[in-house]
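*Asks:* Here you go, this is coords.txt (compact mmCIF, C-alpha atoms (C1' of nucleotides)).
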```
# COMPACT_ATOMS: atom_id res chain seq x y z
CA MET A 61 -43.21 -6.50 -45.49
CA SER A 62 -41.20 -8.67 -47.78
CA THR A 63 -41.65 -12.40 -47.90
CA THR A 64 -39.21 -14.54 -45.97
CA THR A 65 -38.62 -17.03 -48.72
CA GLY A 66 -35.39 -15.41 -49.85
CA VAL A 67 -33.67 -16.74 -53.00
CA GLU A 68 -34.87 -14.96 -56.14
CA ARG A 69 -35.58 -17.42 -58.93
CA LYS A 70 -35.19 -16.34 -62.51
CA PRO A 71 -38.61 -15.80 -64.09
CA LEU A 72 -40.25 -18.89 -65.53
CA ARG A 73 -41.96 -19.08 -68.85
CA ALA A 74 -45.67 -18.45 -68.50
CA ASP A 75 -46.72 -22.07 -68.95
CA ALA A 76 -43.99 -23.27 -66.60
CA GLN A 77 -45.17 -20.86 -63.93
CA ARG A 78 -48.70 -22.10 -64.42
CA ASN A 79 -47.60 -25.69 -63.93
CA TYR A 80 -45.47 -24.79 -60.95
CA ASP A 81 -48.42 -23.15 -59.26
CA LYS A 82 -50.75 -25.97 -60.12
CA ILE A 83 -48.36 -28.53 -58.66
CA VAL A 84 -47.93 -26.64 -55.41
CA GLU A 85 -51.66 -26.16 -55.07
CA THR A 86 -52.35 -29.83 -55.76
CA ALA A 87 -49.58 -30.94 -53.43
CA ARG A 88 -51.01 -28.80 -50.65
CA ALA A 89 -54.36 -30.55 -51.06
CA MET A 90 -52.83 -34.02 -51.31
CA PHE A 91 -50.56 -33.49 -48.30
CA ARG A 92 -53.52 -32.35 -46.27
CA GLU A 93 -55.47 -35.38 -47.44
CA ARG A 94 -52.86 -38.11 -47.27
CA GLY A 95 -49.97 -36.69 -45.29
CA ALA A 96 -46.50 -35.60 -46.33
CA ASP A 97 -45.74 -39.00 -47.85
CA ALA A 98 -48.38 -38.80 -50.56
CA SER A 99 -47.25 -40.20 -53.92
CA LEU A 100 -45.48 -37.62 -56.04
CA ASP A 101 -46.48 -39.21 -59.33
CA GLU A 102 -50.05 -39.08 -58.11
CA ILE A 103 -49.70 -35.39 -57.35
CA ALA A 104 -48.33 -34.85 -60.84
CA LYS A 105 -51.20 -36.76 -62.36
CA ARG A 106 -53.81 -34.81 -60.40
CA ALA A 107 -52.11 -31.58 -61.32
CA GLY A 108 -52.36 -32.61 -64.97
CA VAL A 109 -48.62 -32.70 -65.63
CA GLY A 110 -46.12 -35.47 -66.27
CA PRO A 111 -43.87 -36.72 -63.49
CA GLY A 112 -40.90 -35.25 -65.32
CA THR A 113 -42.36 -31.79 -64.93
CA LEU A 114 -42.87 -32.22 -61.23
CA TYR A 115 -39.35 -33.52 -60.69
CA ARG A 116 -37.81 -30.72 -62.74
CA HIS A 117 -39.45 -28.11 -60.55
CA PHE A 118 -38.96 -30.06 -57.32
CA PRO A 119 -35.99 -32.44 -57.42
CA THR A 120 -36.87 -33.86 -54.01
CA ARG A 121 -39.97 -34.29 -51.91
CA GLU A 122 -38.49 -31.86 -49.39
CA ALA A 123 -38.27 -29.19 -52.08
CA LEU A 124 -41.96 -29.57 -52.78
CA ILE A 125 -42.83 -29.49 -49.11
CA ASP A 126 -40.76 -26.36 -48.85
CA ALA A 127 -42.75 -24.70 -51.60
CA VAL A 128 -46.03 -25.80 -50.07
CA MET A 129 -45.02 -24.20 -46.78
CA ARG A 130 -44.08 -20.87 -48.28
CA ASP A 131 -46.51 -18.71 -46.31
CA TRP A 132 -46.10 -20.88 -43.26
CA ALA A 133 -42.83 -19.31 -42.13
CA ASP A 134 -44.38 -15.86 -42.34
CA ARG A 135 -47.25 -17.00 -40.14
CA ILE A 136 -44.91 -18.41 -37.57
CA ASN A 137 -42.85 -15.26 -37.59
CA ALA A 138 -45.98 -13.24 -36.96
CA ASP A 139 -46.88 -15.52 -34.05
CA SER A 140 -43.46 -15.08 -32.55
CA ASP A 141 -43.59 -11.28 -32.86
CA GLU A 142 -46.89 -11.32 -31.07
CA ALA A 143 -45.59 -13.58 -28.32
CA ALA A 144 -42.42 -11.55 -27.87
CA ALA A 145 -44.36 -8.30 -27.55
CA SER A 146 -47.03 -9.81 -25.33
CA GLU A 147 -47.90 -8.24 -21.99
CA LEU A 148 -49.08 -11.60 -20.67
CA PRO A 149 -47.20 -13.33 -17.85
CA PRO A 150 -44.16 -15.15 -19.24
CA ARG A 151 -45.66 -18.58 -18.77
CA GLU A 152 -48.80 -17.74 -20.67
CA ALA A 153 -46.96 -16.04 -23.47
CA LEU A 154 -44.55 -18.94 -23.88
CA SER A 155 -47.26 -21.53 -23.56
CA GLY A 156 -49.28 -19.88 -26.31
CA TRP A 157 -46.25 -19.69 -28.55
CA PHE A 158 -45.33 -23.34 -28.05
CA SER A 159 -48.89 -24.46 -28.70
CA LYS A 160 -49.11 -22.48 -31.90
CA PHE A 161 -45.76 -23.82 -32.92
CA VAL A 162 -46.82 -27.42 -32.43
CA GLU A 163 -50.01 -26.75 -34.31
CA ASN A 164 -48.22 -25.06 -37.21
CA VAL A 165 -45.54 -27.66 -37.52
CA GLY A 166 -48.14 -30.39 -37.63
CA ILE A 167 -50.17 -29.08 -40.55
CA TYR A 168 -49.71 -32.24 -42.53
CA HIS A 169 -49.28 -35.70 -41.13
CA GLY A 170 -45.58 -36.42 -41.27
CA ALA A 171 -44.57 -32.79 -41.59
CA ALA A 172 -43.39 -32.43 -38.00
CA ALA A 173 -40.94 -35.29 -38.46
CA LYS A 174 -39.52 -33.70 -41.62
CA VAL A 175 -39.07 -30.35 -39.90
CA MET A 176 -37.48 -32.02 -36.91
CA ALA A 177 -35.05 -33.93 -39.10
CA ALA A 178 -34.15 -30.87 -41.17
CA MET A 179 -33.49 -28.66 -38.16
CA ASP A 180 -29.84 -29.65 -37.98
CA ASP A 181 -29.26 -30.65 -41.58
CA PRO A 182 -28.01 -27.73 -43.69
CA ALA A 183 -28.32 -29.86 -46.81
CA SER A 184 -32.08 -30.11 -46.50
CA PRO A 185 -34.22 -27.81 -48.63
CA ILE A 186 -36.29 -27.04 -45.53
CA TYR A 187 -33.24 -26.04 -43.51
CA ARG A 188 -33.72 -22.34 -44.21
CA LYS A 189 -37.27 -22.49 -42.99
CA CYS A 190 -36.11 -24.23 -39.86
CA GLN A 191 -33.64 -21.45 -39.30
CA ILE A 192 -36.56 -19.05 -39.39
CA LEU A 193 -38.24 -21.13 -36.72
CA VAL A 194 -35.12 -21.16 -34.60
CA GLY A 195 -34.83 -17.39 -34.98
CA ALA A 196 -38.46 -16.85 -34.08
CA ASN A 197 -38.14 -19.01 -31.01
CA GLN A 198 -34.97 -17.24 -30.00
CA LYS A 199 -36.83 -13.95 -30.19
CA VAL A 200 -39.61 -15.17 -27.93
CA LEU A 201 -37.25 -16.72 -25.40
CA ASP A 202 -35.15 -13.54 -25.34
CA SER A 203 -38.19 -11.48 -24.49
CA VAL A 204 -38.92 -13.81 -21.59
CA ARG A 205 -35.32 -13.71 -20.51
CA ASP A 206 -35.39 -9.92 -20.49
CA LYS A 207 -38.10 -10.15 -17.90
CA GLY A 208 -35.83 -12.33 -15.80
CA ALA A 209 -38.20 -15.25 -16.06
CA LEU A 210 -35.93 -17.71 -17.83
CA ARG A 211 -33.53 -20.01 -16.04
CA ASP A 212 -29.85 -19.49 -16.67
CA GLY A 213 -28.31 -21.63 -19.34
CA VAL A 214 -31.48 -22.34 -21.27
CA ASP A 215 -30.56 -22.57 -24.92
CA ALA A 216 -33.15 -21.69 -27.54
CA ARG A 217 -31.90 -24.39 -29.87
CA GLU A 218 -32.40 -27.13 -27.29
CA VAL A 219 -35.86 -25.87 -26.52
CA MET A 220 -36.70 -25.85 -30.19
CA ARG A 221 -35.57 -29.44 -30.55
CA ILE A 222 -37.63 -30.62 -27.61
CA VAL A 223 -40.72 -28.81 -28.78
CA SER A 224 -40.41 -30.13 -32.30
CA GLY A 225 -39.91 -33.57 -30.75
CA ILE A 226 -43.17 -33.14 -28.90
CA ALA A 227 -44.87 -32.02 -32.10
CA THR A 228 -43.62 -35.19 -33.78
CA VAL A 229 -44.82 -37.42 -30.97
CA VAL A 230 -48.25 -35.84 -31.13
CA ASP A 231 -48.36 -36.27 -34.89
CA GLN A 232 -46.96 -39.80 -35.12
CA SER A 233 -48.66 -41.55 -32.25
CA GLY A 234 -52.39 -41.32 -32.60
CA ILE A 235 -52.93 -39.09 -29.58
CA GLY A 236 -54.91 -35.88 -29.94
CA ALA A 237 -53.48 -32.40 -30.31
CA ASP A 238 -54.67 -31.55 -26.78
CA ASP A 239 -52.27 -34.08 -25.39
CA ALA A 240 -49.41 -31.78 -26.28
CA GLU A 241 -50.32 -29.42 -23.42
CA PRO A 242 -49.14 -31.52 -20.45
CA MET A 243 -45.88 -32.25 -22.25
CA LEU A 244 -45.35 -28.59 -23.01
CA ALA A 245 -46.15 -27.85 -19.37
CA ILE A 246 -43.20 -29.97 -18.32
CA VAL A 247 -40.95 -28.03 -20.65
CA LEU A 248 -42.27 -24.74 -19.29
CA ASP A 249 -41.61 -25.94 -15.76
CA GLY A 250 -38.15 -26.87 -16.88
CA ILE A 251 -37.13 -23.55 -18.38
CA LEU A 252 -38.92 -20.93 -16.27
CA VAL A 253 -37.45 -19.59 -13.03
CA ASP A 254 -40.79 -19.51 -11.22
CA PRO A 255 -43.15 -21.85 -13.05
CA SER A 256 -46.19 -20.43 -11.29
CA ASP A 257 -46.16 -17.00 -12.93
CA MET B 82 -36.11 -64.81 -14.38
CA SER B 83 -38.54 -65.51 -17.17
CA THR B 84 -38.36 -63.64 -20.42
CA THR B 85 -40.71 -60.74 -20.91
CA THR B 86 -41.78 -61.62 -24.40
CA GLY B 87 -45.00 -63.33 -23.31
CA VAL B 88 -47.11 -65.13 -25.97
CA GLU B 89 -46.15 -68.77 -26.28
CA ARG B 90 -45.89 -69.82 -29.93
CA LYS B 91 -46.60 -73.39 -30.87
CA PRO B 92 -43.37 -75.23 -31.63
CA LEU B 93 -42.06 -74.81 -35.15
CA ARG B 94 -40.73 -77.57 -37.29
CA ALA B 95 -36.96 -77.81 -36.94
CA ASP B 96 -36.18 -76.29 -40.33
CA ALA B 97 -38.69 -73.52 -39.75
CA GLN B 98 -37.12 -72.66 -36.42
CA ARG B 99 -33.72 -72.61 -38.09
CA ASN B 100 -34.95 -70.18 -40.72
CA TYR B 101 -36.69 -68.05 -38.12
CA ASP B 102 -33.50 -67.68 -36.14
CA LYS B 103 -31.41 -67.03 -39.20
CA ILE B 104 -33.77 -64.27 -40.31
CA VAL B 105 -33.76 -62.55 -36.93
CA GLU B 106 -30.00 -62.74 -36.73
CA THR B 107 -29.57 -61.37 -40.23
CA ALA B 108 -32.13 -58.65 -39.61
CA ARG B 109 -30.32 -57.56 -36.50
CA ALA B 110 -27.13 -57.14 -38.49
CA MET B 111 -28.87 -55.38 -41.38
CA PHE B 112 -30.75 -53.00 -39.08
CA ARG B 113 -27.55 -52.10 -37.34
CA GLU B 114 -25.87 -51.57 -40.68
CA ARG B 115 -28.59 -49.76 -42.62
CA GLY B 116 -31.19 -48.73 -40.08
CA ALA B 117 -34.68 -49.96 -39.39
CA ASP B 118 -35.77 -49.32 -42.98
CA ALA B 119 -33.43 -51.87 -44.53
CA SER B 120 -34.96 -53.85 -47.38
CA LEU B 121 -36.82 -56.94 -46.18
CA ASP B 122 -36.25 -58.86 -49.41
CA GLU B 123 -32.57 -58.14 -49.00
CA ILE B 124 -32.64 -59.49 -45.46
CA ALA B 125 -34.35 -62.63 -46.75
CA LYS B 126 -31.75 -63.01 -49.47
CA ARG B 127 -28.84 -62.61 -47.04
CA ALA B 128 -30.47 -65.04 -44.66
CA GLY B 129 -30.66 -67.52 -47.53
CA VAL B 130 -34.45 -67.83 -47.58
CA GLY B 131 -37.14 -66.69 -49.99
CA PRO B 132 -39.15 -63.55 -49.32
CA GLY B 133 -42.22 -65.74 -48.77
CA THR B 134 -40.54 -67.37 -45.81
CA LEU B 135 -39.67 -64.08 -44.25
CA TYR B 136 -43.17 -62.71 -44.67
CA ARG B 137 -44.76 -65.86 -43.29
CA HIS B 138 -42.79 -65.55 -40.08
CA PHE B 139 -43.05 -61.76 -39.92
CA PRO B 140 -46.11 -60.36 -41.67
CA THR B 141 -44.96 -56.79 -41.12
CA ARG B 142 -41.71 -54.97 -40.65
CA GLU B 143 -42.77 -54.10 -37.10
CA ALA B 144 -43.14 -57.78 -36.30
CA LEU B 145 -39.56 -58.39 -37.36
CA ILE B 146 -38.30 -55.42 -35.42
CA ASP B 147 -40.18 -56.78 -32.45
CA ALA B 148 -38.41 -60.11 -32.73
CA VAL B 149 -35.04 -58.43 -33.17
CA MET B 150 -35.60 -56.49 -29.96
CA ARG B 151 -36.50 -59.50 -27.87
CA ASP B 152 -33.72 -59.17 -25.31
CA TRP B 153 -33.94 -55.43 -25.44
CA ALA B 154 -36.99 -55.17 -23.20
CA ASP B 155 -35.28 -57.33 -20.60
CA ARG B 156 -32.27 -55.07 -20.64
CA ILE B 157 -34.40 -52.00 -20.18
CA ASN B 158 -36.26 -53.63 -17.36
CA ALA B 159 -32.99 -54.39 -15.66
CA ASP B 160 -31.91 -50.77 -16.07
CA SER B 161 -35.13 -49.58 -14.52
CA ASP B 162 -34.82 -51.92 -11.55
CA GLU B 163 -31.37 -50.61 -10.95
CA ALA B 164 -32.49 -47.00 -11.20
CA ALA B 165 -35.48 -47.57 -8.93
CA ALA B 166 -33.35 -49.17 -6.25
CA SER B 167 -30.55 -46.67 -6.59
CA GLU B 168 -29.24 -44.77 -3.57
CA LEU B 169 -28.12 -41.91 -5.75
CA PRO B 170 -29.79 -38.51 -5.44
CA PRO B 171 -33.06 -38.49 -7.43
CA ARG B 172 -31.71 -36.29 -10.17
CA GLU B 173 -28.73 -38.50 -10.82
CA ALA B 174 -30.77 -41.68 -10.74
CA LEU B 175 -33.35 -40.30 -13.14
CA SER B 176 -30.78 -38.74 -15.38
CA GLY B 177 -28.98 -42.04 -15.73
CA TRP B 178 -32.20 -43.86 -16.46
CA PHE B 179 -33.26 -41.38 -19.15
CA SER B 180 -29.87 -41.49 -20.79
CA LYS B 181 -29.87 -45.26 -20.92
CA PHE B 182 -33.37 -45.20 -22.25
CA VAL B 183 -32.47 -42.86 -25.08
CA GLU B 184 -29.46 -44.97 -25.85
CA ASN B 185 -31.44 -48.23 -25.85
CA VAL B 186 -34.28 -46.89 -27.92
CA GLY B 187 -31.85 -45.61 -30.51
CA ILE B 188 -30.05 -48.91 -31.19
CA TYR B 189 -30.92 -48.80 -34.87
CA HIS B 190 -31.39 -45.72 -36.95
CA GLY B 191 -35.12 -45.22 -37.23
CA ALA B 192 -35.97 -47.42 -34.28
CA ALA B 193 -36.73 -44.56 -31.91
CA ALA B 194 -39.38 -43.23 -34.29
CA LYS B 195 -41.04 -46.64 -34.52
CA VAL B 196 -41.12 -47.03 -30.76
CA MET B 197 -42.47 -43.52 -30.36
CA ALA B 198 -45.23 -44.16 -32.90
CA ALA B 199 -46.18 -47.51 -31.38
CA MET B 200 -46.38 -46.19 -27.85
CA ASP B 201 -50.03 -45.28 -28.18
CA ASP B 202 -51.03 -47.69 -30.92
CA PRO B 203 -52.34 -50.99 -29.51
CA ALA B 204 -52.50 -52.41 -33.04
CA SER B 205 -48.73 -52.24 -33.45
CA PRO B 206 -46.72 -55.40 -32.89
CA ILE B 207 -44.28 -53.37 -30.80
CA TYR B 208 -47.04 -52.06 -28.56
CA ARG B 209 -46.49 -54.71 -25.90
CA LYS B 210 -42.81 -53.85 -25.74
CA CYS B 211 -43.72 -50.20 -25.36
CA GLN B 212 -45.95 -51.13 -22.46
CA ILE B 213 -42.94 -52.69 -20.84
CA LEU B 214 -41.11 -49.42 -21.30
CA VAL B 215 -43.97 -47.47 -19.85
CA GLY B 216 -44.09 -49.82 -16.87
CA ALA B 217 -40.37 -49.60 -16.33
CA ASN B 218 -40.46 -45.83 -16.42
CA GLN B 219 -43.41 -45.80 -14.06
CA LYS B 220 -41.39 -47.86 -11.60
CA VAL B 221 -38.47 -45.46 -11.69
CA LEU B 222 -40.64 -42.38 -11.36
CA ASP B 223 -42.56 -43.94 -8.48
CA SER B 224 -39.34 -44.55 -6.60
CA VAL B 225 -38.42 -40.91 -7.03
CA ARG B 226 -41.91 -39.86 -6.01
CA ASP B 227 -41.61 -41.93 -2.84
CA LYS B 228 -38.66 -39.80 -1.90
CA GLY B 229 -40.85 -36.73 -2.34
CA ALA B 230 -38.66 -35.49 -5.16
CA LEU B 231 -41.23 -35.47 -7.92
CA ARG B 232 -43.56 -32.56 -8.62
CA ASP B 233 -47.24 -33.15 -8.16
CA GLY B 234 -49.18 -34.12 -11.23
CA VAL B 235 -46.26 -35.50 -13.19
CA ASP B 236 -47.58 -38.37 -15.28
CA ALA B 237 -45.22 -41.18 -16.24
CA ARG B 238 -46.84 -41.57 -19.62
CA GLU B 239 -46.25 -37.93 -20.55
CA VAL B 240 -42.65 -38.18 -19.43
CA MET B 241 -42.21 -41.30 -21.50
CA ARG B 242 -43.56 -39.55 -24.58
CA ILE B 243 -41.27 -36.57 -24.18
CA VAL B 244 -38.22 -38.71 -23.61
CA SER B 245 -38.98 -40.89 -26.61
CA GLY B 246 -39.50 -37.68 -28.58
CA ILE B 247 -36.05 -36.56 -27.54
CA ALA B 248 -34.63 -39.95 -28.52
CA THR B 249 -36.22 -39.52 -31.93
CA VAL B 250 -34.86 -36.02 -32.40
CA VAL B 251 -31.39 -37.22 -31.53
CA ASP B 252 -31.68 -40.12 -33.94
CA GLN B 253 -33.29 -38.31 -36.87
CA SER B 254 -31.40 -35.03 -36.95
CA GLY B 255 -27.74 -35.67 -37.35
CA ILE B 256 -26.76 -34.41 -33.88
CA GLY B 257 -24.65 -36.56 -31.60
CA ALA B 258 -25.91 -38.70 -28.74
CA ASP B 259 -24.30 -36.30 -26.26
CA ASP B 260 -26.70 -33.61 -27.36
CA ALA B 261 -29.51 -35.47 -25.62
CA GLU B 262 -28.18 -34.43 -22.22
CA PRO B 263 -29.15 -30.75 -22.21
CA MET B 264 -32.62 -31.66 -23.44
CA LEU B 265 -33.02 -34.29 -20.77
CA ALA B 266 -31.80 -31.71 -18.25
CA ILE B 267 -34.74 -29.49 -19.14
CA VAL B 268 -37.12 -32.38 -18.56
CA LEU B 269 -35.48 -33.13 -15.22
CA ASP B 270 -35.83 -29.49 -14.22
CA GLY B 271 -39.44 -29.73 -15.26
CA ILE B 272 -40.42 -32.75 -13.20
CA LEU B 273 -38.28 -32.53 -10.07
CA VAL B 274 -39.31 -30.49 -7.04
CA ASP B 275 -35.84 -29.23 -6.36
CA PRO B 276 -33.81 -29.59 -9.53
CA SER B 277 -30.53 -29.06 -7.71
CA ASP B 278 -30.54 -32.28 -5.71
C1' DT C 181 -40.59 -96.82 -45.61
C1' DG C 182 -44.21 -94.21 -46.97
C1' DC C 183 -47.83 -90.61 -45.95
C1' DT C 184 -49.17 -86.01 -44.99
C1' DA C 185 -49.23 -81.50 -44.02
C1' DA C 186 -46.03 -77.86 -42.55
C1' DG C 187 -43.12 -75.14 -44.65
C1' DC C 188 -40.34 -73.40 -48.61
C1' DG C 189 -39.13 -70.06 -52.17
C1' DG C 190 -39.29 -67.77 -56.32
C1' DA C 191 -41.96 -65.76 -60.08
C1' DG C 192 -44.36 -61.93 -60.58
C1' DA C 193 -48.03 -58.28 -59.55
C1' DC C 194 -48.12 -53.89 -57.73
C1' DT C 195 -46.71 -49.27 -56.12
C1' DG C 196 -43.72 -45.58 -55.82
C1' DT C 197 -39.40 -42.99 -57.33
C1' DC C 198 -36.93 -40.81 -60.73
C1' DT C 199 -34.69 -40.16 -65.58
C1' DC C 200 -34.14 -39.65 -70.37
C1' DC C 201 -35.08 -37.71 -74.57
C1' DG C 202 -37.97 -36.76 -78.64
C1' DC C 203 -41.54 -33.51 -79.24
C1' DT C 204 -44.28 -29.10 -78.37
C1' DA C 205 -45.17 -24.51 -78.06
C1' DC C 206 -43.78 -20.04 -75.81
C1' DT C 207 -41.31 -15.83 -76.57
C1' DG C 208 -38.30 -12.54 -78.64
C1' DT C 209 -37.01 -10.75 -83.05
C1' DA C 210 -37.63 -8.94 -87.66
C1' DT D 57 -47.37 -12.09 -88.54
C1' DA D 58 -43.96 -15.48 -89.35
C1' DC D 59 -40.01 -17.70 -87.84
C1' DA D 60 -36.15 -19.61 -85.10
C1' DG D 61 -34.39 -21.19 -81.06
C1' DT D 62 -34.83 -23.04 -76.88
C1' DA D 63 -37.30 -23.67 -72.43
C1' DG D 64 -40.14 -26.73 -70.99
C1' DC D 65 -43.21 -30.82 -71.44
C1' DG D 66 -44.57 -35.55 -70.44
C1' DG D 67 -44.70 -40.27 -70.80
C1' DA D 68 -42.26 -44.62 -71.44
C1' DG D 69 -39.71 -47.26 -68.81
C1' DA D 70 -35.74 -48.59 -65.59
C1' DC D 71 -35.29 -49.53 -60.94
C1' DA D 72 -36.32 -50.73 -56.05
C1' DG D 73 -39.15 -52.27 -52.49
C1' DT D 74 -43.33 -54.79 -50.73
C1' DC D 75 -46.00 -58.63 -50.56
C1' DT D 76 -48.67 -62.94 -52.40
C1' DC D 77 -49.70 -67.14 -54.54
C1' DC D 78 -49.07 -71.78 -55.33
C1' DG D 79 -46.57 -75.85 -56.95
C1' DC D 80 -42.84 -78.33 -54.87
C1' DT D 81 -39.96 -80.19 -50.96
C1' DT D 82 -39.10 -82.40 -46.84
C1' DA D 83 -39.50 -83.04 -41.73
C1' DG D 84 -41.81 -85.81 -38.56
C1' DC D 85 -44.64 -89.47 -37.53
C1' DA D 86 -46.58 -94.29 -37.67
```
Take the structure from the file and write it as structure tokens.
*Replies:*
Amino acid sequence: MSTTTGVERKPLRADAQRNYDKIVETARAMFRERGADASLDEIAKRAGVGPGTLYRHFPTREALIDAVMRDWADRINADSDEAAASELPPREALSGWFSKFVENVGIYHGAAAKVMAAMDDPASPIYRKCQILVGANQKVLDSVRDKGALRDGVDAREVMRIVSGIATVVDQSGIGADDAEPMLAIVLDGILVDPSD
Amino acid sequence: MSTTTGVERKPLRADAQRNYDKIVETARAMFRERGADASLDEIAKRAGVGPGTLYRHFPTREALIDAVMRDWADRINADSDEAAASELPPREALSGWFSKFVENVGIYHGAAAKVMAAMDDPASPIYRKCQILVGANQKVLDSVRDKGALRDGVDAREVMRIVSGIATVVDQSGIGADDAEPMLAIVLDGILVDPSD
DNA sequence: TGCTAAGCGGAGACTGTCTCCGCTACTGTA
DNA sequence: TACAGTAGCGGAGACAGTCTCCGCTTAGCA
């Protein structure tokens, strides 16, 4: 299966490719360590390149985040395929999907907020990735709808916004990841025809 | 009715009080104009004071935001009293309350995110204001619960988090304020016993 | 009117973002 | 293998924002 990243880039010179990779790898570590607002110059320094090099490859912070999250979209897609094909009762299937989503979107501190903000901003470098999310969610919701378990008028986009909002709340306020569950439960109650099944 | 701000401060010298007021007034304008991330030095300059003066009165940005939102908590409290006493069907009463809440929390661009983050952070200067919000929301939900319209196990705190999450989504992504409604509708469906009434 | 401390404010240290441009060294060609 | 041309490097430094320190000013009191 082909990667979901799209956009072919013309081949870089060997040393440039090396730097590119080193920067992404370093950024991944720094983001994990200090959140998505880690200093870019610091990342460049740790990666052993000048700031100019970093900014040439990644004109904005979002662009770097996008690169760091390359495999991420594939993982989410896989999750959504699994959820859509699931034989579990609708509520369980959806609940699992939402939980995984919140978890995935919150990989780095501050990441959820960026994703949330980019969801409706076509100018953002992460927009395409968000579209993948929206598509994945649509797929899962459609599978639930096919079983007649979804209320009429529930729009996948709205659901996506709420869930990413919840992911942001969980990430920004100090509460634990477990605290997402009761909030997601409310959403489930709100979109399922018979919340008990 | 007494103000909700609490904490008596020892009287300032006349010139200090003048500066304090000027800063708050200027900040309010700047926040409205440029969002809650407006430059503090710039606010000081426009207010005609040195940065030192601003930082003495307001050691952190949150503290300034807190001062700017002084009347805000009173307004929200009034809204909640009205909603709690309302004769409207539960759904309408709640819906109105949520909408006003989202609107109030989103006064300045970026404010919703700050409120959301402070909601569970007792160290934040805005924490006390958030407690007021939580209390106000509790009051409204209790009134609905008294009418038997609320599902069992619905926790006011969770609801507050979701709604502030929605407020943040609306504020951060470029979507219009109207787009909050369908999201709030899902929450209403999720917490009311019989969503139709 | 003069004393005293509360309060002022601006110079400047510090951190982070981002650019410009002279230099380096990779790659394709002969 | 040597060379030319250019893709790419990287660091100095401009710029913006935060925040502090401390010598000076002035309000408030006796």
*Asks:* So that I can check the surroundings of DA68 (chain D), please list as a list in words every protein, DNA and RNA residue that reaches within 12 Å of it, counting all atoms listed in the file and ignoring chain neighbours fewer than 4 positions away.
*Replies:*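 Returned residues: Gly110, Pro111 and Gly112 of chain A; DT199, DC200, DC201 and DG202 of chain C.
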*Asks:* How far is it from CA of Arg92 (chain A) to CA of Ile167 (chain A), in Å with one decimal?
*Replies:* 7.4 Å
*Asks:* Select, from A:Ala177, A:Ile186, A:Ile103, A:Leu193, the residue with the minimum atom-to-atom distance to chain B, counting all atoms listed in the file.
*Replies:* A:Ala177
*Asks:* Please identify every residue of chain C that has at least one atom no farther than 7 Å from an atom of chain B, counting all atoms listed in the file, and for each give the shortest atom pair and the distance in Å to one decimal, arranged by chain then increasing number, as a Markdown table.
*Replies:*
```
| residue | atom | partner | partner_atom | distance |
| --- | --- | --- | --- | --- |
| C:DG187 | C1' | B:Ala97 | CA | 6.8 |
| C:DC188 | C1' | B:Thr134 | CA | 6.7 |
| C:DG189 | C1' | B:Gly131 | CA | 4.5 |
| C:DG190 | C1' | B:Gly131 | CA | 6.8 |
```
*Asks:* Could you list, as a PDB file with C-alpha atoms, in the frame of the given file, the residues of chain B having an atom within 6 Å of chain A when counting all atoms listed in the file?
*Replies:*
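Below is the file part.pdb, written as the result:
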```
ATOM      1  CA  ALA B 198     -45.230 -44.160 -32.900  1.00  0.00           C
ATOM      2  CA  ASP B 201     -50.030 -45.280 -28.180  1.00  0.00           C
ATOM      3  CA  GLU B 239     -46.250 -37.930 -20.550  1.00  0.00           C
ATOM      4  CA  GLY B 246     -39.500 -37.680 -28.580  1.00  0.00           C
ATOM      5  CA  ILE B 247     -36.050 -36.560 -27.540  1.00  0.00           C
ATOM      6  CA  VAL B 250     -34.860 -36.020 -32.400  1.00  0.00           C
ATOM      7  CA  GLN B 253     -33.290 -38.310 -36.870  1.00  0.00           C
ATOM      8  CA  SER B 254     -31.400 -35.030 -36.950  1.00  0.00           C
ATOM      9  CA  MET B 264     -32.620 -31.660 -23.440  1.00  0.00           C
ATOM     10  CA  ILE B 267     -34.740 -29.490 -19.140  1.00  0.00           C
ATOM     11  CA  VAL B 268     -37.120 -32.380 -18.560  1.00  0.00           C
ATOM     12  CA  ASP B 270     -35.830 -29.490 -14.220  1.00  0.00           C
ATOM     13  CA  GLY B 271     -39.440 -29.730 -15.260  1.00  0.00           C
TER      14      GLY B 271
END
```
*Asks:* Kindly assemble as a Markdown table a list of the chain D residues that lie within 9 Å of chain B, each paired with its nearest atom pair and their distance in Å to one decimal, using all atoms listed in the file, sorted first by chain and then by ascending residue number.
*Replies:*
```
| residue | atom | partner | partner_atom | distance |
| --- | --- | --- | --- | --- |
| D:DG73 | C1' | B:Ser120 | CA | 6.8 |
| D:DT74 | C1' | B:Leu121 | CA | 8.2 |
| D:DC75 | C1' | B:Tyr136 | CA | 7.7 |
| D:DT76 | C1' | B:Gly133 | CA | 7.9 |
| D:DA83 | C1' | B:Arg94 | CA | 7.2 |
| D:DG84 | C1' | B:Arg94 | CA | 8.4 |
```
*Asks:* For CA of Pro206 (chain B) and CA of Asp147 (chain B), determine how far apart the two atoms are, in Å to one decimal place.
*Replies:* 6.7 Å
*Asks:* At most 12 Å from (-50.6, -88.7, -43.5), file frame, all atoms listed in the file: which residues, as a ChimeraX atom specification?
*Replies:* /C:182-186 /D:84-86
*Asks:* Can you tell me, as JSON, the centre and edge lengths (Å, one decimal) of the axis-aligned box enclosing all of region 184-188 of chain C's listed atoms after padding each side by 8 Å?
*Replies:*
```
{"center_x": -44.8, "center_y": -79.7, "center_z": -45.6, "size_x": 24.9, "size_y": 28.6, "size_z": 22.1}
```
*Asks:* As an exercise, work out the distance from CA of Ala217 (chain B) to CA of Asn158 (chain B) in Å and give it to one decimal place.
*Replies:* 5.8 Å
